[in-house]
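Enquirer: Contents are compact mmCIF, C-alpha atoms (C1' of nucleotides); file name final.txt:
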# COMPACT_ATOMS: atom_id res chain seq x y z
CA MET A 1 17.43 -31.56 27.72
CA LEU A 2 15.13 -32.18 24.81
CA ASP A 3 11.56 -31.52 25.80
CA LEU A 4 9.01 -34.11 24.87
CA LYS A 5 5.56 -32.62 24.49
CA LYS A 6 2.77 -35.13 24.59
CA ARG A 7 0.15 -34.30 22.01
CA SER A 8 -2.52 -36.42 23.68
CA GLU A 9 -3.07 -39.29 26.05
CA CYS A 10 -3.32 -41.76 23.18
CA PRO A 11 -0.70 -44.51 23.47
CA ILE A 12 0.05 -44.43 19.74
CA SER A 13 0.54 -40.70 19.88
CA SER A 14 2.69 -40.86 23.02
CA SER A 15 4.86 -43.51 21.42
CA LEU A 16 5.25 -41.49 18.24
CA ASP A 17 6.22 -38.49 20.36
CA ILE A 18 9.33 -40.45 21.35
CA TRP A 19 10.40 -42.42 18.29
CA GLY A 20 7.90 -41.42 15.61
CA ASP A 21 10.22 -39.62 13.24
CA LYS A 22 12.15 -40.66 10.17
CA TRP A 23 15.35 -41.58 12.02
CA SER A 24 14.81 -42.97 15.52
CA LEU A 25 13.65 -46.43 14.50
CA LEU A 26 16.60 -46.72 12.13
CA ILE A 27 18.89 -46.23 15.12
CA VAL A 28 16.92 -48.88 16.98
CA ARG A 29 17.16 -51.12 13.91
CA ASP A 30 20.94 -50.79 13.84
CA LEU A 31 21.13 -51.71 17.51
CA MET A 32 18.83 -54.68 16.95
CA PHE A 33 19.95 -56.17 13.69
CA ALA A 34 23.26 -54.75 12.53
CA LYS A 35 24.68 -54.72 16.06
CA GLN A 36 26.25 -51.40 15.25
CA CYS A 37 26.95 -49.64 18.46
CA THR A 38 29.25 -46.64 18.19
CA TYR A 39 28.39 -43.14 17.04
CA GLY A 40 30.49 -43.61 13.95
CA ASP A 41 28.76 -46.87 13.09
CA PHE A 42 25.38 -45.13 12.98
CA LEU A 43 26.83 -42.52 10.64
CA LYS A 44 28.01 -45.29 8.32
CA SER A 45 24.50 -46.72 7.81
CA ASP A 46 23.08 -46.63 4.30
CA GLU A 47 20.65 -43.84 5.03
CA LYS A 48 23.40 -41.35 5.82
CA ILE A 49 21.95 -39.57 8.81
CA ALA A 50 23.36 -36.10 9.46
CA THR A 51 25.62 -35.98 12.49
CA ASN A 52 23.69 -33.28 14.34
CA ILE A 53 20.42 -35.14 13.83
CA LEU A 54 22.03 -38.34 15.05
CA ALA A 55 23.27 -36.63 18.20
CA SER A 56 19.83 -35.18 18.85
CA ARG A 57 18.03 -38.51 18.30
CA LEU A 58 20.48 -40.41 20.49
CA GLN A 59 19.88 -37.89 23.26
CA MET A 60 16.11 -38.18 22.88
CA LEU A 61 16.24 -41.97 22.89
CA GLU A 62 18.51 -41.97 25.93
CA GLU A 63 16.37 -39.48 27.84
CA ASN A 64 13.38 -41.66 27.17
CA GLY A 65 15.09 -44.80 28.32
CA ILE A 66 15.24 -46.61 24.99
CA ILE A 67 19.03 -46.72 24.79
CA THR A 68 22.02 -46.34 27.15
CA LYS A 69 25.63 -45.38 26.74
CA GLN A 70 28.32 -47.71 27.98
CA ASP A 71 32.10 -47.56 28.04
CA HIS A 72 33.69 -49.17 25.05
CA PRO A 73 35.99 -52.00 26.13
CA ASP A 74 38.65 -51.02 23.60
CA SER A 75 39.00 -47.32 24.20
CA LYS A 76 37.82 -44.40 26.28
CA ALA A 77 37.35 -42.38 23.14
CA LYS A 78 34.59 -44.68 21.94
CA VAL A 79 31.06 -44.93 23.27
CA LEU A 80 28.97 -48.05 23.09
CA TYR A 81 25.26 -47.57 22.58
CA LYS A 82 22.93 -50.36 23.65
CA LEU A 83 19.22 -50.94 23.85
CA THR A 84 17.64 -51.00 27.28
CA GLN A 85 14.84 -53.40 28.16
CA LYS A 86 12.42 -50.72 26.98
CA GLY A 87 14.30 -50.57 23.69
CA VAL A 88 14.47 -54.32 23.27
CA ASP A 89 10.73 -54.39 23.82
CA LEU A 90 10.40 -52.61 20.50
CA LEU A 91 11.49 -55.83 18.78
CA PRO A 92 7.96 -57.17 18.08
CA LEU A 93 7.11 -53.82 16.54
CA MET A 94 10.22 -53.88 14.37
CA ILE A 95 9.39 -57.39 13.26
CA GLU A 96 5.90 -56.34 12.22
CA ILE A 97 7.37 -53.52 10.17
CA ASN A 98 9.62 -56.04 8.45
CA LEU A 99 6.70 -58.36 7.79
CA TRP A 100 4.65 -55.53 6.36
CA ALA A 101 7.57 -54.41 4.21
CA ASP A 102 8.11 -58.00 3.11
CA LYS A 103 4.60 -57.96 1.69
CA TYR A 104 4.91 -54.67 -0.17
CA PHE A 105 8.60 -54.18 -0.96
CA THR A 106 11.46 -56.32 -2.13
CA LEU A 107 13.69 -57.12 0.79
CA PRO A 108 17.46 -57.42 0.55
CA ALA A 109 18.54 -61.08 0.72
CA GLU A 110 20.06 -60.86 4.17
CA ARG A 111 16.94 -59.38 5.77
CA LYS A 112 14.72 -61.76 3.82
CA GLU A 113 16.56 -64.62 5.45
CA MET A 114 15.77 -63.27 8.90
CA ILE A 115 12.13 -62.76 8.00
CA GLU A 116 11.79 -66.34 6.83
CA GLU A 117 13.04 -67.41 10.23
CA VAL A 118 10.47 -65.13 11.85
CA LYS A 119 7.71 -66.63 9.72
CA LYS A 120 8.54 -70.13 10.90
CA ASP A 121 8.03 -69.29 14.55
CA LYS A 122 7.59 -65.66 15.49
CA GLU A 123 7.38 -66.19 19.24
CA ASP A 124 10.49 -68.30 19.26
CA PHE A 125 12.44 -65.79 17.20
CA ILE A 126 11.46 -62.99 19.55
CA ARG A 127 12.46 -65.02 22.58
CA GLY A 128 15.87 -65.83 21.15
CA LYS A 129 16.63 -62.37 19.84
CA THR A 130 15.46 -60.71 23.04
CA ALA A 131 17.72 -62.89 25.14
CA GLU A 132 20.60 -62.09 22.83
CA LEU A 133 19.98 -58.35 23.02
CA LEU A 134 19.63 -58.33 26.79
CA GLU A 135 23.02 -59.95 27.37
CA HIS A 136 25.36 -57.76 29.38
CA ILE A 137 22.86 -55.03 29.93
CA ASP A 138 22.96 -53.11 33.17
CA ASN A 139 19.98 -50.79 32.94
CA MET B 1 2.24 -35.47 -6.61
CA LEU B 2 4.32 -35.82 -3.49
CA ASP B 3 7.65 -37.39 -4.27
CA LEU B 4 8.79 -40.22 -2.08
CA LYS B 5 12.55 -40.52 -1.97
CA LYS B 6 13.81 -43.86 -0.72
CA ARG B 7 16.77 -43.39 1.56
CA SER B 8 17.93 -46.98 1.20
CA GLU B 9 16.79 -50.47 0.30
CA CYS B 10 16.16 -51.34 3.95
CA PRO B 11 12.54 -52.36 4.54
CA ILE B 12 12.34 -50.44 7.79
CA SER B 13 13.66 -47.34 6.07
CA SER B 14 11.35 -47.74 3.06
CA SER B 15 8.38 -48.12 5.37
CA LEU B 16 9.33 -45.07 7.38
CA ASP B 17 9.67 -43.13 4.13
CA ILE B 18 5.92 -43.60 3.70
CA TRP B 19 4.41 -43.38 7.15
CA GLY B 20 7.34 -42.66 9.45
CA ASP B 21 6.41 -39.21 10.59
CA LYS B 22 4.56 -37.85 13.59
CA TRP B 23 1.13 -37.84 11.94
CA SER B 24 0.57 -40.61 9.42
CA LEU B 25 0.07 -43.43 11.88
CA LEU B 26 -2.40 -41.30 13.82
CA ILE B 27 -4.49 -41.08 10.67
CA VAL B 28 -4.22 -44.83 10.28
CA ARG B 29 -5.14 -45.20 13.95
CA ASP B 30 -8.29 -43.14 13.47
CA LEU B 31 -9.29 -45.29 10.51
CA MET B 32 -8.63 -48.46 12.49
CA PHE B 33 -9.94 -47.76 15.93
CA ALA B 34 -12.04 -44.63 16.05
CA LYS B 35 -13.67 -45.36 12.69
CA GLN B 36 -13.38 -41.71 11.88
CA CYS B 37 -13.52 -41.32 8.20
CA THR B 38 -14.12 -37.79 6.93
CA TYR B 39 -11.60 -34.99 6.61
CA GLY B 40 -13.32 -33.08 9.38
CA ASP B 41 -13.22 -36.08 11.68
CA PHE B 42 -9.45 -36.26 11.44
CA LEU B 43 -9.23 -32.60 12.32
CA LYS B 44 -11.30 -33.24 15.44
CA SER B 45 -8.86 -35.79 16.85
CA ASP B 46 -7.18 -34.96 20.15
CA GLU B 47 -3.81 -34.22 18.61
CA LYS B 48 -5.16 -31.32 16.56
CA ILE B 49 -3.36 -31.81 13.29
CA ALA B 50 -3.06 -28.73 11.11
CA THR B 51 -5.32 -28.80 8.07
CA ASN B 52 -2.56 -28.38 5.49
CA ILE B 53 -0.49 -31.14 7.10
CA LEU B 54 -3.55 -33.40 7.14
CA ALA B 55 -4.16 -32.78 3.46
CA SER B 56 -0.54 -33.52 2.65
CA ARG B 57 -0.47 -36.74 4.71
CA LEU B 58 -3.74 -37.98 3.24
CA GLN B 59 -2.34 -37.43 -0.22
CA MET B 60 0.88 -39.25 0.65
CA LEU B 61 -1.02 -42.17 2.17
CA GLU B 62 -3.32 -42.35 -0.82
CA GLU B 63 -0.49 -42.19 -3.34
CA ASN B 64 1.19 -45.03 -1.51
CA GLY B 65 -1.93 -47.16 -1.45
CA ILE B 66 -2.54 -47.12 2.30
CA ILE B 67 -5.90 -45.35 2.09
CA THR B 68 -8.58 -44.62 -0.51
CA LYS B 69 -11.25 -42.02 -0.93
CA GLN B 70 -14.83 -43.10 -1.38
CA ASP B 71 -18.07 -41.26 -1.91
CA HIS B 72 -19.90 -40.55 1.30
CA PRO B 73 -23.36 -42.13 1.24
CA ASP B 74 -24.97 -39.09 2.85
CA SER B 75 -23.61 -36.26 0.75
CA LYS B 76 -21.46 -35.35 -2.22
CA ALA B 77 -19.73 -32.69 -0.15
CA LYS B 78 -18.29 -35.30 2.18
CA VAL B 79 -15.45 -37.71 1.45
CA LEU B 80 -15.05 -41.06 3.13
CA TYR B 81 -11.51 -42.19 3.79
CA LYS B 82 -10.89 -45.90 4.21
CA LEU B 83 -7.94 -48.18 4.67
CA THR B 84 -6.96 -50.38 1.74
CA GLN B 85 -5.73 -53.94 2.23
CA LYS B 86 -2.23 -52.49 2.47
CA GLY B 87 -3.45 -50.15 5.18
CA VAL B 88 -5.32 -52.82 7.08
CA ASP B 89 -2.13 -54.86 7.02
CA LEU B 90 -0.65 -52.27 9.34
CA LEU B 91 -2.94 -53.57 12.09
CA PRO B 92 -0.41 -55.97 13.65
CA LEU B 93 2.07 -53.11 13.82
CA MET B 94 -0.48 -50.83 15.45
CA ILE B 95 -1.26 -53.53 17.96
CA GLU B 96 2.39 -53.93 18.86
CA ILE B 97 2.67 -50.19 19.38
CA ASN B 98 -0.29 -50.39 21.72
CA LEU B 99 1.24 -53.30 23.59
CA TRP B 100 4.52 -51.46 23.96
CA ALA B 101 2.75 -48.35 25.13
CA ASP B 102 0.70 -50.43 27.52
CA LYS B 103 3.94 -51.48 29.21
CA TYR B 104 5.42 -48.00 29.48
CA PHE B 105 2.50 -45.57 29.60
CA THR B 106 -0.89 -45.41 31.22
CA LEU B 107 -3.54 -46.17 28.66
CA PRO B 108 -6.96 -44.53 28.61
CA ALA B 109 -9.64 -46.93 29.84
CA GLU B 110 -11.23 -47.47 26.44
CA ARG B 111 -7.97 -48.44 24.74
CA LYS B 112 -6.97 -50.54 27.73
CA GLU B 113 -10.10 -52.56 27.19
CA MET B 114 -9.14 -53.31 23.62
CA ILE B 115 -5.62 -54.26 24.61
CA GLU B 116 -6.89 -56.74 27.18
CA GLU B 117 -8.85 -58.36 24.40
CA VAL B 118 -5.71 -58.49 22.28
CA LYS B 119 -3.76 -60.08 25.12
CA LYS B 120 -6.28 -62.89 25.41
CA ASP B 121 -5.82 -63.96 21.80
CA LYS B 122 -3.83 -61.73 19.51
CA GLU B 123 -4.30 -63.77 16.35
CA ASP B 124 -8.01 -63.96 16.85
CA PHE B 125 -8.30 -60.26 17.49
CA ILE B 126 -6.37 -59.48 14.32
CA ARG B 127 -8.54 -61.84 12.30
CA GLY B 128 -11.75 -60.29 13.55
CA LYS B 129 -10.64 -56.69 13.25
CA THR B 130 -9.17 -57.25 9.79
CA ALA B 131 -12.40 -58.75 8.53
CA GLU B 132 -14.30 -55.82 10.00
CA LEU B 133 -12.02 -53.27 8.35
CA LEU B 134 -12.10 -54.97 4.98
CA GLU B 135 -15.87 -54.89 4.74
CA HIS B 136 -17.10 -52.92 1.76
CA ILE B 137 -13.66 -52.16 0.43
CA ASP B 138 -13.20 -51.94 -3.29
CA ASN B 139 -9.47 -51.46 -3.73
C1' DA C 1 -31.34 -16.76 -2.22
C1' DG C 2 -28.28 -16.52 1.77
C1' DA C 3 -25.86 -18.82 5.25
C1' DT C 4 -23.34 -22.82 6.63
C1' DT C 5 -20.73 -27.05 6.04
C1' DT C 6 -17.03 -29.55 3.92
C1' DG C 7 -12.65 -30.37 1.99
C1' DC C 8 -9.26 -28.45 0.95
C1' DT C 9 -5.39 -24.34 -0.56
C1' DT C 10 -2.55 -20.24 0.31
C1' DG C 11 0.54 -17.09 2.92
C1' DC C 12 3.67 -16.48 6.20
C1' DG C 13 6.37 -16.78 10.44
C1' DT C 14 8.64 -20.43 13.21
C1' DT C 15 10.87 -24.74 13.81
C1' DT C 16 13.37 -28.62 12.17
C1' DT C 17 16.46 -30.56 8.91
C1' DG C 18 20.62 -31.24 6.23
C1' DC C 19 25.18 -30.19 4.95
C1' DA C 20 29.84 -28.53 6.01
C1' DA C 21 33.08 -27.14 9.01
C1' DG C 22 34.90 -26.92 13.56
C1' DT C 23 36.10 -28.46 18.53
C1' DG C 24 37.97 -31.15 22.32
C1' DC C 25 39.72 -35.20 24.11
C1' DA C 26 41.84 -39.91 23.57
C1' DA C 27 44.91 -42.76 21.30
C1' DA C 28 48.09 -44.04 17.86
C1' DT C 29 52.31 -42.65 15.36
C1' DA C 30 56.80 -40.46 14.60
C1' DT D 1 57.68 -35.99 23.52
C1' DA D 2 55.45 -33.89 19.70
C1' DT D 3 52.17 -34.61 16.24
C1' DT D 4 48.88 -36.53 13.70
C1' DT D 5 44.72 -39.28 13.52
C1' DG D 6 40.23 -41.02 15.31
C1' DC D 7 36.09 -40.38 17.65
C1' DA D 8 32.06 -38.12 19.50
C1' DC D 9 30.04 -34.63 19.15
C1' DT D 10 28.81 -28.99 18.35
C1' DT D 11 28.08 -24.89 15.61
C1' DG D 12 26.50 -22.03 11.67
C1' DC D 13 23.68 -21.39 8.08
C1' DA D 14 20.64 -22.28 4.08
C1' DA D 15 16.69 -25.07 2.79
C1' DA D 16 12.75 -27.59 3.81
C1' DA D 17 8.87 -28.77 6.68
C1' DC D 18 5.61 -27.38 10.05
C1' DG D 19 1.83 -24.78 12.32
C1' DC D 20 -1.45 -21.32 12.44
C1' DA D 21 -4.89 -18.33 10.38
C1' DA D 22 -7.37 -16.98 6.62
C1' DG D 23 -9.42 -17.86 2.18
C1' DC D 24 -12.08 -20.47 -1.32
C1' DA D 25 -15.17 -23.35 -4.25
C1' DA D 26 -18.69 -26.69 -4.31
C1' DA D 27 -22.49 -28.84 -1.92
C1' DT D 28 -26.10 -28.55 1.34
C1' DC D 29 -29.15 -26.54 4.67
C1' DT D 30 -32.67 -22.88 5.94
Starting from the file, lay out its structure as structure tokens.

Expert:
Amino acid sequence: MLDLKKRSECPISSSLDIWGDKWSLLIVRDLMFAKQCTYGDFLKSDEKIATNILASRLQMLEENGIITKQDHPDSKAKVLYKLTQKGVDLLPLMIEINLWADKYFTLPAERKEMIEEVKKDKEDFIRGKTAELLEHIDN
Amino acid sequence: MLDLKKRSECPISSSLDIWGDKWSLLIVRDLMFAKQCTYGDFLKSDEKIATNILASRLQMLEENGIITKQDHPDSKAKVLYKLTQKGVDLLPLMIEINLWADKYFTLPAERKEMIEEVKKDKEDFIRGKTAELLEHIDN
DNA sequence: AGATTTGCTTGCGTTTTGCAAGTGCAAATA
DNA sequence: TATTTGCACTTGCAAAACGCAAGCAAATCT
């Protein structure tokens, strides 16, 4: 059991207490955009997270109801990680990060494509993506 | 000079490399919502950031163009910290964090009030607040 | 002139991170 | 059936970051 110590009653602070580190939102990103879902998939991401850190972040995110484990349809040895409703609700936040980054960094072509879609109709994109992410979720 | 090492080309990752720690967004929050501006003001925030960490984060944020130092009108001993355009552009992100937190935490009355205003007309709130924050900025 | 305020810096012990290697169970292979 | 491989972690340890207290120089107050 990882203990979460709230630094204050501020909502920003409380949120950062859960996912405000260098890795957690990358895990959320993978679950949102790359659709990567197994432990090994996270390890394969470009940023090369250390395996012990990954395990610790997954536990933290699960304990705080952002993600859930599910049985992998193919094998008992594999674990499927999915976003919960609470996790999917981070989508608008992730989109804003992308939009900010779009203004100040050069985005890779594939992500740029997604952002252009967002720019056309943000609300619509969020609706569609949320529905997609919530498929087959049994929180 | 604090060195920023990019973990990957991903925009989320690059953004987190700058402000993706437990403290940076709290500094941005203070500059956005509490209007706290001096070094001492940051130290007085509820979360009680350590002074060396504060100094290091302020330097990082300044080097990455999120904040700037300005002369304090009252005294040469004081330093005024302000958000740059790049910093102010984090407002939509901060709002989404607040909205997320509003759904999953209990907000303090004062912040709740702001969020209700946001809910009425998000775009309008952002326009107004952005204009307010950009007053007297000489990036 | 002496004391206080302000914005930091320095030292040092504790915690977190990062890397490599190891473990246990499931599944594929021989 | 025996053995190797794959997968999801755990463990150990060195390195880095953090957190606390004290110190410090310049500006300001008394």

Enquirer: With only C-alpha atoms (C1' of nucleotides) as the counted atoms, please give the residues lying no more than 8 Å from Thr130 (chain A), apart from itself and same-chain residues fewer than 5 positions off, as a ChimeraX atom specification.

Expert: /A:88-89,91

Enquirer: Output C-alpha atoms for every residue in that selection, as a PDB file, keeping the file's coordinate frame.

Expert:
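Once everything was written out, this is out23.pdb:
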ATOM      1  CA  VAL A  88      14.470 -54.320  23.270  1.00  0.00           C
ATOM      2  CA  ASP A  89      10.730 -54.390  23.820  1.00  0.00           C
ATOM      3  CA  LEU A  91      11.490 -55.830  18.780  1.00  0.00           C
TER       4      LEU A  91
END

Enquirer: Please list as a short mmCIF file (atom, residue, chain, number, x, y, z; two decimals) with C-alpha atoms (C1' of nucleotides), in the coordinates of the input every residue within 12 Å of DA15 (chain D), counting only C-alpha atoms (C1' of nucleotides) and excluding residues in the same chain fewer than 3 positions away.

Expert:
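Saved to around.cif:
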data_model
loop_
_atom_site.label_atom_id
_atom_site.label_comp_id
_atom_site.auth_asym_id
_atom_site.auth_seq_id
_atom_site.Cartn_x
_atom_site.Cartn_y
_atom_site.Cartn_z
"C1'" DT C 16 13.37 -28.62 12.17
"C1'" DT C 17 16.46 -30.56 8.91
"C1'" DG C 18 20.62 -31.24 6.23
"C1'" DC C 19 25.18 -30.19 4.95
#

Enquirer: With all atoms listed in the file as the counted atoms, please give the residues lying no more than 12 Å from DC12 (chain C), apart from itself and same-chain residues fewer than 3 positions off, as a PyMOL selection string.

Expert: chain D and resi 18-22

Enquirer: Excluding DG22 (chain C) and any residue of its chain fewer than 4 positions from it, enumerate the residues within 10 Å of it, using only C-alpha atoms (C1' of nucleotides), and give them as a list in words.

Expert: DT10, DT11 and DG12 of chain D

Enquirer: As JSON, what would the box around region 5-10 of chain D look like: edges along x, y and z, 6 Å added on every side, centre and edge lengths in Å to one decimal?

Expert:
{"center_x": 36.8, "center_y": -35.0, "center_z": 16.5, "size_x": 27.9, "size_y": 24.0, "size_z": 18.0}

Enquirer: Given a cut-off of 8 Å, which residues of chain B touch chain D, counting only C-alpha atoms (C1' of nucleotides), written out as a VMD selection string?

Expert: chain B and resid 50 53 75 to 77

Enquirer: With all atoms listed in the file considered, list every residue of chain C at most 9 Å from chain B, as an NGL selection string.

Expert: :C and (5-9)

Enquirer: At a cut-off of 10 Å, list the chain A residues touching chain B, using all atoms listed in the file, as a PyMOL selection string.

Expert: chain A and resi 6-26+29+45-49+86-87+89-108+111-112

Enquirer: One number please: CA of Leu80 (chain B) to CA of Cys37 (chain B), in Å, one decimal.

Expert: 5.3 Å

Enquirer: Enter the distance from CA of Glu116 (chain B) to CA of Met32 (chain B), in Å, rounded to one decimal.

Expert: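 About the pair CA of Glu116 (chain B) and CA of Met32 (chain B): they are 17.0 Å apart.
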
Enquirer: So what do you get for CA of Ile67 (chain A) versus CA of Lys82 (chain A), distance-wise?

Expert: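 These two atoms are separated by 5.5 Å.
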
Enquirer: Is it possible to add N, CA and C atoms to region 34-48 of chain B and hand it back as an mmCIF file, in the frame of the given file?

Expert:
data_model
loop_
_atom_site.group_PDB
_atom_site.id
_atom_site.type_symbol
_atom_site.label_atom_id
_atom_site.label_comp_id
_atom_site.auth_asym_id
_atom_site.auth_seq_id
_atom_site.Cartn_x
_atom_site.Cartn_y
_atom_site.Cartn_z
ATOM 1 N N ALA B 34 -10.974 -45.581 15.756
ATOM 2 C CA ALA B 34 -12.040 -44.630 16.050
ATOM 3 C C ALA B 34 -13.092 -44.647 14.940
ATOM 4 N N LYS B 35 -12.766 -45.296 13.830
ATOM 5 C CA LYS B 35 -13.670 -45.360 12.690
ATOM 6 C C LYS B 35 -14.005 -43.983 12.133
ATOM 7 N N GLN B 36 -13.165 -43.019 12.449
ATOM 8 C CA GLN B 36 -13.380 -41.710 11.880
ATOM 9 C C GLN B 36 -12.995 -41.768 10.427
ATOM 10 N N CYS B 37 -13.727 -41.121 9.621
ATOM 11 C CA CYS B 37 -13.520 -41.320 8.200
ATOM 12 C C CYS B 37 -13.510 -40.068 7.340
ATOM 13 N N THR B 38 -14.141 -38.981 7.767
ATOM 14 C CA THR B 38 -14.120 -37.790 6.930
ATOM 15 C C THR B 38 -12.962 -36.874 7.302
ATOM 16 N N TYR B 39 -12.679 -35.957 6.400
ATOM 17 C CA TYR B 39 -11.600 -34.990 6.610
ATOM 18 C C TYR B 39 -11.798 -34.251 7.935
ATOM 19 N N GLY B 40 -12.999 -33.807 8.151
ATOM 20 C CA GLY B 40 -13.320 -33.080 9.380
ATOM 21 C C GLY B 40 -13.133 -33.918 10.625
ATOM 22 N N ASP B 41 -13.410 -35.202 10.525
ATOM 23 C CA ASP B 41 -13.220 -36.080 11.680
ATOM 24 C C ASP B 41 -11.761 -36.142 12.106
ATOM 25 N N PHE B 42 -10.879 -36.242 11.123
ATOM 26 C CA PHE B 42 -9.450 -36.260 11.440
ATOM 27 C C PHE B 42 -9.036 -34.999 12.172
ATOM 28 N N LEU B 43 -9.570 -33.881 11.699
ATOM 29 C CA LEU B 43 -9.230 -32.600 12.320
ATOM 30 C C LEU B 43 -9.691 -32.535 13.776
ATOM 31 N N LYS B 44 -10.752 -33.279 14.079
ATOM 32 C CA LYS B 44 -11.300 -33.240 15.440
ATOM 33 C C LYS B 44 -10.533 -34.098 16.440
ATOM 34 N N SER B 45 -9.616 -34.921 15.947
ATOM 35 C CA SER B 45 -8.860 -35.790 16.850
ATOM 36 C C SER B 45 -8.086 -34.991 17.897
ATOM 37 N N ASP B 46 -7.821 -35.622 19.010
ATOM 38 C CA ASP B 46 -7.180 -34.960 20.150
ATOM 39 C C ASP B 46 -5.888 -34.237 19.822
ATOM 40 N N GLU B 47 -5.141 -34.774 18.876
ATOM 41 C CA GLU B 47 -3.810 -34.220 18.610
ATOM 42 C C GLU B 47 -3.836 -32.935 17.806
ATOM 43 N N LYS B 48 -4.994 -32.588 17.273
ATOM 44 C CA LYS B 48 -5.160 -31.320 16.560
ATOM 45 C C LYS B 48 -4.154 -31.108 15.434
#
